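Asks: Below you'll find upload31.csv; it's CSV, N, CA and C atoms and all ligand atoms.
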chain,number,residue,atom,x,y,z
Y,839,MET,N,145.2,59.8,157.3
Y,839,MET,CA,144.5,61.0,157.1
Y,839,MET,C,143.1,60.7,156.5
Y,840,ALA,N,142.1,61.5,157.0
Y,840,ALA,CA,140.7,61.3,156.5
Y,840,ALA,C,140.6,61.6,155.0
Y,841,LYS,N,139.8,60.8,154.3
Y,841,LYS,CA,139.7,60.9,152.9
Y,841,LYS,C,138.6,61.9,152.5
Y,842,SER,N,138.8,62.7,151.4
Y,842,SER,CA,137.7,63.5,151.0
Y,842,SER,C,136.9,62.8,149.9
Y,843,LEU,N,135.6,63.0,150.1
Y,843,LEU,CA,134.6,62.2,149.2
Y,843,LEU,C,133.7,63.2,148.4
Y,844,LEU,N,133.3,62.7,147.2
Y,844,LEU,CA,132.3,63.4,146.4
Y,844,LEU,C,131.3,62.3,146.0
Y,845,VAL,N,130.0,62.6,146.3
Y,845,VAL,CA,128.9,61.7,146.0
Y,845,VAL,C,128.1,62.3,144.8
Y,846,VAL,N,128.0,61.6,143.7
Y,846,VAL,CA,127.3,62.1,142.5
Y,846,VAL,C,126.1,61.2,142.2
Y,847,ASP,N,124.9,61.8,142.3
Y,847,ASP,CA,123.7,61.1,141.9
Y,847,ASP,C,122.6,62.1,141.6
Y,848,ASP,N,121.8,61.8,140.6
Y,848,ASP,CA,120.7,62.8,140.3
Y,848,ASP,C,119.6,62.8,141.4
Y,849,SER,N,119.6,61.8,142.2
Y,849,SER,CA,118.6,61.7,143.3
Y,849,SER,C,119.2,62.2,144.6
Y,850,ALA,N,118.6,63.3,145.1
Y,850,ALA,CA,119.1,63.9,146.4
Y,850,ALA,C,118.9,62.9,147.5
Y,851,THR,N,117.8,62.1,147.4
Y,851,THR,CA,117.5,61.1,148.4
Y,851,THR,C,118.6,60.0,148.4
Y,852,MET,N,119.0,59.6,147.2
Y,852,MET,CA,120.0,58.6,147.1
Y,852,MET,C,121.4,59.2,147.6
Y,853,ARG,N,121.6,60.4,147.3
Y,853,ARG,CA,122.9,61.0,147.8
Y,853,ARG,C,122.9,61.0,149.3
Y,854,LYS,N,121.7,61.3,149.9
Y,854,LYS,CA,121.6,61.2,151.4
Y,854,LYS,C,121.8,59.8,151.9
Y,855,ILE,N,121.3,58.8,151.2
Y,855,ILE,CA,121.4,57.4,151.7
Y,855,ILE,C,122.9,57.0,151.6
Y,856,ILE,N,123.5,57.3,150.5
Y,856,ILE,CA,124.9,57.0,150.3
Y,856,ILE,C,125.8,57.7,151.4
Y,857,THR,N,125.6,59.0,151.6
Y,857,THR,CA,126.3,59.7,152.6
Y,857,THR,C,126.1,59.2,154.0
Y,858,ARG,N,124.9,58.9,154.3
Y,858,ARG,CA,124.6,58.3,155.6
Y,858,ARG,C,125.3,56.9,155.8
Y,859,THR,N,125.2,56.1,154.8
Y,859,THR,CA,125.8,54.8,154.8
Y,859,THR,C,127.3,54.9,155.1
Y,860,ILE,N,128.0,55.9,154.4
Y,860,ILE,CA,129.4,56.1,154.6
Y,860,ILE,C,129.7,56.5,156.0
Y,861,ARG,N,128.9,57.4,156.5
Y,861,ARG,CA,129.2,57.9,157.9
Y,861,ARG,C,129.0,56.8,158.9
Y,862,LYS,N,128.1,55.8,158.6
Y,862,LYS,CA,127.9,54.7,159.6
Y,862,LYS,C,129.0,53.7,159.5
Y,863,ALA,N,129.6,53.6,158.3
Y,863,ALA,CA,130.7,52.6,158.1
Y,863,ALA,C,131.9,53.0,158.9
Y,864,ASP,N,132.8,52.1,159.1
Y,864,ASP,CA,134.0,52.3,159.8
Y,864,ASP,C,135.1,52.8,158.9
Y,865,LEU,N,134.9,54.0,158.4
Y,865,LEU,CA,135.9,54.5,157.4
Y,865,LEU,C,136.3,55.9,157.8
Y,866,SER,N,137.5,56.3,157.6
Y,866,SER,CA,138.1,57.6,157.9
Y,866,SER,C,137.8,58.6,156.8
Y,867,VAL,N,136.7,59.3,157.0
Y,867,VAL,CA,136.2,60.2,155.9
Y,867,VAL,C,136.1,61.6,156.5
Y,868,GLU,N,136.4,62.6,155.7
Y,868,GLU,CA,136.3,64.0,156.1
Y,868,GLU,C,134.9,64.4,156.5
Y,869,ASP,N,134.7,65.3,157.4
Y,869,ASP,CA,133.3,65.7,157.9
Y,869,ASP,C,132.4,66.1,156.7
Y,870,GLU,N,133.0,67.0,155.9
Y,870,GLU,CA,132.2,67.5,154.8
Y,870,GLU,C,132.3,66.5,153.6
Y,871,ILE,N,131.2,65.9,153.2
Y,871,ILE,CA,131.1,65.1,152.0
Y,871,ILE,C,130.5,66.0,150.9
Y,872,LEU,N,131.2,66.1,149.8
Y,872,LEU,CA,130.7,66.9,148.7
Y,872,LEU,C,129.7,66.2,147.9
Y,873,GLU,N,128.8,66.9,147.2
Y,873,GLU,CA,127.7,66.3,146.4
Y,873,GLU,C,127.6,67.0,145.1
Y,874,ALA,N,127.2,66.2,144.1
Y,874,ALA,CA,126.9,66.7,142.7
Y,874,ALA,C,125.7,66.0,142.2
Y,875,GLY,N,124.9,66.6,141.3
Y,875,GLY,CA,123.7,66.1,140.8
Y,875,GLY,C,123.8,65.4,139.4
Y,876,ASP,N,125.0,65.7,138.7
Y,876,ASP,CA,125.3,65.0,137.5
Y,876,ASP,C,126.8,65.1,137.2
Y,877,GLY,N,127.2,64.6,136.0
Y,877,GLY,CA,128.6,64.5,135.7
Y,877,GLY,C,129.3,65.9,135.6
Y,878,SER,N,128.6,66.8,134.9
Y,878,SER,CA,129.2,68.2,134.7
Y,878,SER,C,129.4,68.8,136.1
Y,879,GLU,N,128.4,68.7,136.9
Y,879,GLU,CA,128.6,69.3,138.3
Y,879,GLU,C,129.7,68.7,139.0
Y,880,ALA,N,129.9,67.3,138.8
Y,880,ALA,CA,130.9,66.6,139.5
Y,880,ALA,C,132.3,67.1,139.0
Y,881,LEU,N,132.4,67.3,137.7
Y,881,LEU,CA,133.7,67.8,137.1
Y,881,LEU,C,134.1,69.1,137.7
Y,882,GLU,N,133.0,70.0,137.9
Y,882,GLU,CA,133.3,71.3,138.5
Y,882,GLU,C,133.8,71.1,139.9
Y,883,LYS,N,133.2,70.2,140.6
Y,883,LYS,CA,133.6,70.0,142.0
Y,883,LYS,C,135.0,69.5,142.1
Y,884,LEU,N,135.4,68.6,141.1
Y,884,LEU,CA,136.7,68.1,141.1
Y,884,LEU,C,137.8,69.2,140.8
Y,885,GLU,N,137.3,70.1,140.0
Y,885,GLU,CA,138.3,71.2,139.7
Y,885,GLU,C,138.6,72.1,140.9
Y,886,GLY,N,137.6,72.4,141.7
Y,886,GLY,CA,137.8,73.3,142.8
Y,886,GLY,C,138.2,72.7,144.1
Y,887,ASN,N,138.2,71.4,144.2
Y,887,ASN,CA,138.5,70.7,145.5
Y,887,ASN,C,139.5,69.5,145.3
Y,888,SER,N,140.1,69.2,146.4
Y,888,SER,CA,141.0,68.0,146.3
Y,888,SER,C,140.1,66.8,146.8
Y,889,VAL,N,139.8,65.9,145.9
Y,889,VAL,CA,138.9,64.8,146.2
Y,889,VAL,C,139.6,63.5,146.0
Y,890,ASP,N,139.6,62.7,147.1
Y,890,ASP,CA,140.2,61.4,147.0
Y,890,ASP,C,139.4,60.3,146.4
Y,891,ILE,N,138.1,60.3,146.7
Y,891,ILE,CA,137.2,59.2,146.2
Y,891,ILE,C,135.9,59.8,145.7
Y,892,VAL,N,135.5,59.4,144.5
Y,892,VAL,CA,134.2,59.8,143.9
Y,892,VAL,C,133.3,58.6,143.9
Y,893,LEU,N,132.1,58.7,144.4
Y,893,LEU,CA,131.1,57.6,144.3
Y,893,LEU,C,130.1,58.1,143.3
Y,894,CYS,N,129.9,57.4,142.2
Y,894,CYS,CA,129.1,58.0,141.1
Y,894,CYS,C,128.1,57.1,140.5
Y,895,ASP,N,126.9,57.6,140.4
Y,895,ASP,CA,125.7,57.0,139.7
Y,895,ASP,C,126.1,56.9,138.2
Y,896,ILE,N,125.4,56.0,137.5
Y,896,ILE,CA,125.5,55.9,136.1
Y,896,ILE,C,124.4,56.7,135.3
Y,897,ASN,N,123.2,56.3,135.7
Y,897,ASN,CA,122.0,56.9,134.9
Y,897,ASN,C,121.6,58.2,135.6
Y,898,MET,N,122.0,59.3,134.9
Y,898,MET,CA,121.6,60.7,135.4
Y,898,MET,C,121.3,61.5,134.1
Y,899,PRO,N,120.3,62.4,134.3
Y,899,PRO,CA,120.0,63.3,133.2
Y,899,PRO,C,121.2,64.3,133.2
Y,900,GLY,N,121.4,65.0,132.1
Y,900,GLY,CA,122.6,65.8,132.0
Y,900,GLY,C,123.8,64.8,131.6
Y,901,MET,N,125.0,65.1,132.2
Y,901,MET,CA,126.1,64.2,131.9
Y,901,MET,C,126.0,62.9,132.8
Y,902,ASP,N,125.9,61.7,132.1
Y,902,ASP,CA,125.8,60.5,132.9
Y,902,ASP,C,127.1,60.0,133.4
Y,903,GLY,N,127.1,59.0,134.2
Y,903,GLY,CA,128.3,58.5,134.9
Y,903,GLY,C,129.4,58.0,134.0
Y,904,ARG,N,129.0,57.3,132.9
Y,904,ARG,CA,130.0,56.8,132.0
Y,904,ARG,C,130.8,57.9,131.3
Y,905,THR,N,130.0,59.0,130.9
Y,905,THR,CA,130.7,60.1,130.3
Y,905,THR,C,131.6,60.8,131.3
Y,906,PHE,N,131.1,60.9,132.5
Y,906,PHE,CA,131.8,61.6,133.6
Y,906,PHE,C,133.2,60.9,133.8
Y,907,VAL,N,133.2,59.5,133.8
Y,907,VAL,CA,134.4,58.8,134.1
Y,907,VAL,C,135.4,59.1,132.9
Y,908,LYS,N,134.9,59.0,131.7
Y,908,LYS,CA,135.8,59.3,130.5
Y,908,LYS,C,136.4,60.7,130.6
Y,909,GLU,N,135.5,61.7,130.9
Y,909,GLU,CA,136.0,63.1,131.0
Y,909,GLU,C,136.9,63.3,132.1
Y,910,ALA,N,136.6,62.7,133.3
Y,910,ALA,CA,137.5,62.9,134.5
Y,910,ALA,C,138.8,62.4,134.2
Y,911,ARG,N,138.9,61.2,133.5
Y,911,ARG,CA,140.2,60.6,133.2
Y,911,ARG,C,141.0,61.3,132.2
Y,912,GLN,N,140.4,62.3,131.5
Y,912,GLN,CA,141.2,63.1,130.5
Y,912,GLN,C,142.0,64.2,131.3
Y,913,ILE,N,141.6,64.5,132.5
Y,913,ILE,CA,142.2,65.6,133.3
Y,913,ILE,C,143.3,65.1,134.2
Y,914,PRO,N,144.5,65.5,134.0
Y,914,PRO,CA,145.7,64.9,134.7
Y,914,PRO,C,145.6,65.1,136.2
Y,915,SER,N,145.0,66.2,136.7
Y,915,SER,CA,144.9,66.4,138.1
Y,915,SER,C,144.0,65.4,138.8
Y,916,ASN,N,143.2,64.6,138.1
Y,916,ASN,CA,142.3,63.6,138.7
Y,916,ASN,C,142.9,62.2,138.7
Y,917,ALA,N,144.2,62.1,138.2
Y,917,ALA,CA,144.8,60.8,138.0
Y,917,ALA,C,144.8,60.0,139.3
Y,918,ASN,N,144.9,60.6,140.5
Y,918,ASN,CA,144.9,59.8,141.7
Y,918,ASN,C,143.6,59.6,142.4
Y,919,THR,N,142.6,60.3,141.8
Y,919,THR,CA,141.2,60.2,142.4
Y,919,THR,C,140.6,58.9,142.0
Y,920,LYS,N,140.1,58.2,143.0
Y,920,LYS,CA,139.5,56.9,142.8
Y,920,LYS,C,138.0,57.1,142.5
Y,921,ILE,N,137.5,56.4,141.5
Y,921,ILE,CA,136.1,56.6,141.1
Y,921,ILE,C,135.4,55.2,141.2
Y,922,ILE,N,134.4,55.2,142.1
Y,922,ILE,CA,133.6,54.0,142.3
Y,922,ILE,C,132.2,54.2,141.9
Y,923,MET,N,131.7,53.4,141.0
Y,923,MET,CA,130.3,53.6,140.4
Y,923,MET,C,129.4,52.9,141.4
Y,924,ILE,N,128.2,53.5,141.6
Y,924,ILE,CA,127.1,52.9,142.3
Y,924,ILE,C,125.9,53.0,141.5
Y,925,SER,N,125.4,51.9,141.0
Y,925,SER,CA,124.3,51.9,140.0
Y,925,SER,C,123.4,50.7,140.0
Y,926,THR,N,122.2,50.9,139.5
Y,926,THR,CA,121.2,49.7,139.4
Y,926,THR,C,121.6,48.9,138.2
Y,927,GLU,N,122.5,49.4,137.3
Y,927,GLU,CA,122.9,48.6,136.2
Y,927,GLU,C,123.8,47.5,136.7
Y,928,SER,N,123.4,46.2,136.3
Y,928,SER,CA,124.2,45.1,136.8
Y,928,SER,C,124.8,44.3,135.6
Y,929,ALA,N,124.6,44.7,134.4
Y,929,ALA,CA,125.1,43.9,133.2
Y,929,ALA,C,126.6,44.0,133.2
Y,930,ASP,N,127.2,42.8,133.0
Y,930,ASP,CA,128.7,42.7,132.9
Y,930,ASP,C,129.3,43.7,131.9
Y,931,GLU,N,128.6,43.9,130.8
Y,931,GLU,CA,129.2,44.8,129.8
Y,931,GLU,C,129.2,46.2,130.3
Y,932,VAL,N,128.2,46.6,131.1
Y,932,VAL,CA,128.2,48.0,131.6
Y,932,VAL,C,129.4,48.1,132.7
Y,933,ILE,N,129.5,47.1,133.5
Y,933,ILE,CA,130.5,47.1,134.6
Y,933,ILE,C,131.9,47.1,134.0
Y,934,ASP,N,132.1,46.2,133.0
Y,934,ASP,CA,133.4,46.1,132.4
Y,934,ASP,C,133.8,47.3,131.6
Y,935,GLY,N,132.7,47.9,130.9
Y,935,GLY,CA,132.9,49.0,130.1
Y,935,GLY,C,133.4,50.2,130.9
Y,936,VAL,N,132.7,50.5,132.0
Y,936,VAL,CA,133.0,51.6,132.8
Y,936,VAL,C,134.4,51.5,133.5
Y,937,LYS,N,134.7,50.2,133.9
Y,937,LYS,CA,136.0,50.0,134.4
Y,937,LYS,C,137.1,50.2,133.4
Y,938,ALA,N,136.8,49.8,132.2
Y,938,ALA,CA,137.8,50.1,131.1
Y,938,ALA,C,138.0,51.6,130.9
Y,939,ASP,N,136.9,52.3,131.1
Y,939,ASP,CA,137.0,53.8,130.9
Y,939,ASP,C,137.7,54.5,132.1
Y,940,GLY,N,138.0,53.7,133.2
Y,940,GLY,CA,138.8,54.3,134.3
Y,940,GLY,C,138.2,54.3,135.6
Y,941,ALA,N,137.0,53.6,135.8
Y,941,ALA,CA,136.4,53.5,137.1
Y,941,ALA,C,137.2,52.5,137.9
Y,942,ASN,N,137.4,52.7,139.2
Y,942,ASN,CA,138.2,51.8,140.1
Y,942,ASN,C,137.4,50.7,140.8
Y,943,GLY,N,136.1,50.9,140.8
Y,943,GLY,CA,135.2,49.9,141.6
Y,943,GLY,C,133.8,50.1,141.1
Y,944,TYR,N,132.9,49.1,141.6
Y,944,TYR,CA,131.5,49.1,141.2
Y,944,TYR,C,130.7,48.5,142.3
Y,945,VAL,N,129.6,49.2,142.6
Y,945,VAL,CA,128.7,48.7,143.6
Y,945,VAL,C,127.3,48.7,143.0
Y,946,THR,N,126.5,47.6,143.1
Y,946,THR,CA,125.2,47.7,142.5
Y,946,THR,C,124.2,48.1,143.6
Y,947,LYS,N,123.2,48.9,143.2
Y,947,LYS,CA,122.1,49.2,144.1
Y,947,LYS,C,121.0,48.1,144.0
Y,948,PRO,N,120.3,47.8,145.0
Y,948,PRO,CA,120.5,48.3,146.4
Y,948,PRO,C,121.8,47.7,147.1
Y,949,PHE,N,122.4,48.5,147.9
Y,949,PHE,CA,123.7,48.1,148.5
Y,949,PHE,C,123.5,48.0,150.0
Y,950,THR,N,124.4,47.3,150.7
Y,950,THR,CA,124.4,47.3,152.2
Y,950,THR,C,125.6,48.1,152.6
Y,951,PRO,N,125.6,48.5,153.9
Y,951,PRO,CA,126.7,49.3,154.4
Y,951,PRO,C,128.0,48.4,154.3
Y,952,GLU,N,127.8,47.1,154.4
Y,952,GLU,CA,129.0,46.2,154.4
Y,952,GLU,C,129.6,46.3,153.0
Y,953,THR,N,128.8,46.3,151.9
Y,953,THR,CA,129.3,46.4,150.6
Y,953,THR,C,130.1,47.6,150.3
Y,954,ILE,N,129.5,48.7,150.8
Y,954,ILE,CA,130.2,50.0,150.6
Y,954,ILE,C,131.5,50.0,151.4
Y,955,GLN,N,131.5,49.5,152.6
Y,955,GLN,CA,132.7,49.5,153.4
Y,955,GLN,C,133.8,48.6,152.7
Y,956,LYS,N,133.4,47.5,152.2
Y,956,LYS,CA,134.3,46.5,151.6
Y,956,LYS,C,134.9,47.2,150.3
Y,957,GLU,N,134.0,47.9,149.5
Y,957,GLU,CA,134.5,48.4,148.3
Y,957,GLU,C,135.4,49.6,148.5
Y,958,LEU,N,135.2,50.4,149.6
Y,958,LEU,CA,136.0,51.6,149.8
Y,958,LEU,C,137.3,51.3,150.6
Y,959,ALA,N,137.3,50.2,151.3
Y,959,ALA,CA,138.4,49.8,152.2
Y,959,ALA,C,139.8,49.9,151.5
Y,960,PRO,N,139.9,49.3,150.3
Y,960,PRO,CA,141.2,49.3,149.6
Y,960,PRO,C,141.8,50.7,149.3
Y,961,PHE,N,140.9,51.7,149.3
Y,961,PHE,CA,141.3,53.1,148.9
Y,961,PHE,C,141.4,54.0,150.1
Y,962,MET,N,141.3,53.4,151.3
Y,962,MET,CA,141.3,54.3,152.5
Y,962,MET,C,142.7,54.5,153.1
Y,963,GLU,N,143.8,53.8,152.5
Y,963,GLU,CA,145.1,53.9,153.1
Y,963,GLU,C,145.8,55.2,152.6
M,1001,MG,MG,120.3,58.0,138.7
I'd like the structure from this file rewritten - as structure tokens, please.
Ligand SMILES: [Mg+2]

Replies:
Amino acid sequence: MAKSLLVVDDSATMRKIITRTIRKADLSVEDEILEAGDGSEALEKLEGNSVDIVLCDINMPGMDGRTFVKEARQIPSNANTKIIMISTESADEVIDGVKADGANGYVTKPFTPETIQKELAPFME
């Protein structure tokens, strides 16, 4: 069954790039990809929709990605939702920290379609 996706980034252009990359990749994804501009908006979208995979930026005005992961993991209905971070942050402590907080994967910007495909593949079954 096609997976439902939510793309979270403060840049509308980056959301478009991520969305387009996913559509080009060989992944079974629902036609409608949800979008949010920061962590609070993303939490609202999670509340009203069944989302399989969240692709989330870290640095955003409003609620940032790290806070989003912590908050999302406090909500039992999100237990099965996979959260993959996509960020320019490449320091190990940031990557390890956000994974410890409950993120399932990490992609550094700039990314290639192959990277996105490889990172999402384990969660597509
Ligand atoms: Mg950003």

Asks: Looking at Y:Ala929, Y:Val889, Y:Met901, Y:Cys894, which one is nearest to Y:Ala917, with distances taken over only C-alpha atoms?

Replies: Y:Val889

Asks: Quick one: of Y:Asp930, Y:Asp864, Y:Glu882, Y:Asp890, who's nearest to Y:Pro951, counting all atoms listed in the file?

Replies: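 When distances to Y:Pro951 are compared using all atoms listed in the file, the smallest one comes from Y:Asp864.
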
Asks: Please give me, as a VMD selection string, the residues lying within 6.5 Å of ligand MG 1001 (chain M) when counting only N, CA and C atoms and all ligand atoms.

Replies: chain Y and resid 847 to 849 895 to 899

Asks: In terms of the shortest atom-to-atom distance over all atoms listed in the file, which of Y:Ile860, Y:Met839, Y:Val845, Y:Met923 is closest to Y:Asp876?

Replies: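 Residue with the minimum atom-to-atom distance to Y:Asp876: Y:Val845.
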
Asks: Excluding same-chain residues fewer than 2 positions from stretch 957-963 of chain Y, what lies within 7 Å of it counting only N, CA and C atoms, as a list of chain:residue names?

Replies: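 What passes the distance filter is Y:Met839, Y:Lys841, Y:Ser866, Y:Gly943, Y:Tyr944, Y:Glu952, Y:Thr953, Y:Ile954, Y:Gln955.
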
Asks: As a ChimeraX atom specification, please: every residue in chain Y that a backbone DSSP assignment puts in alpha helix (DSSP H).

Replies: /Y:850-862,877-886,903-911,930-938,951-958

Asks: Name the residues of chain Y that come out as strand (DSSP E) in a backbone DSSP run; write them as number ranges by chain.

Replies: Y: 843-846, 872-874, 891-894, 920-925, 943-946

Asks: Just the number, please: distance in Å from atom N of Y:Thr950 to atom C of Y:Ala850, one decimal.

Replies: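 Computed distance, atom N of Y:Thr950 to atom C of Y:Ala850, equals 16.8 Å.
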
Asks: In Å, with one decimal, what is the gap from atom N of Y:Asn918 to atom C of Y:Ser888?

Replies: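 Here the two named atoms are 10.1 Å from each other.
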
Asks: Atom C of Y:Ile922 and atom N of Y:Val945, how far apart in Å?

Replies: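 Separating atom N of Y:Val945 from atom C of Y:Ile922 is a distance of 5.7 Å.
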
Asks: What lies within 8 Å of Y:Val936 using all atoms listed in the file, ignoring chain neighbours under 6 positions off, as JSON, numbers by chain?

Replies: {"Y": [903, 904, 907, 908, 930, 942, 943]}

Asks: Using N, CA and C atoms, can you write the selected residues to a file as a PDB file, in the frame of the given file?

Replies:
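Generated file (out.pdb):
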ATOM      1  N   GLY Y 903     127.100  59.000 134.200  1.00  0.00           N
ATOM      2  CA  GLY Y 903     128.300  58.500 134.900  1.00  0.00           C
ATOM      3  C   GLY Y 903     129.400  58.000 134.000  1.00  0.00           C
ATOM      4  N   ARG Y 904     129.000  57.300 132.900  1.00  0.00           N
ATOM      5  CA  ARG Y 904     130.000  56.800 132.000  1.00  0.00           C
ATOM      6  C   ARG Y 904     130.800  57.900 131.300  1.00  0.00           C
ATOM      7  N   VAL Y 907     133.200  59.500 133.800  1.00  0.00           N
ATOM      8  CA  VAL Y 907     134.400  58.800 134.100  1.00  0.00           C
ATOM      9  C   VAL Y 907     135.400  59.100 132.900  1.00  0.00           C
ATOM     10  N   LYS Y 908     134.900  59.000 131.700  1.00  0.00           N
ATOM     11  CA  LYS Y 908     135.800  59.300 130.500  1.00  0.00           C
ATOM     12  C   LYS Y 908     136.400  60.700 130.600  1.00  0.00           C
ATOM     13  N   ASP Y 930     127.200  42.800 133.000  1.00  0.00           N
ATOM     14  CA  ASP Y 930     128.700  42.700 132.900  1.00  0.00           C
ATOM     15  C   ASP Y 930     129.300  43.700 131.900  1.00  0.00           C
ATOM     16  N   ASN Y 942     137.400  52.700 139.200  1.00  0.00           N
ATOM     17  CA  ASN Y 942     138.200  51.800 140.100  1.00  0.00           C
ATOM     18  C   ASN Y 942     137.400  50.700 140.800  1.00  0.00           C
ATOM     19  N   GLY Y 943     136.100  50.900 140.800  1.00  0.00           N
ATOM     20  CA  GLY Y 943     135.200  49.900 141.600  1.00  0.00           C
ATOM     21  C   GLY Y 943     133.800  50.100 141.100  1.00  0.00           C
TER      22      GLY Y 943
END

Asks: Compare Y:Ile855, Y:Ile921, Y:Leu865, Y:Ala840 by their minimum atom-to-atom distance to Y:Leu884, counting only C-alpha atoms, and give me the closest one.

Replies: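 Result for the nearest residue to Y:Leu884: Y:Ile921.
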
Asks: For Y:Thr905, which residue out of Y:Ser842, Y:Pro948, Y:Gly886, Y:Gly877 is the nearest one, using only N, CA and C atoms?

Replies: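 Looking only at the distances to Y:Thr905, the closest residue turns out to be Y:Gly877.
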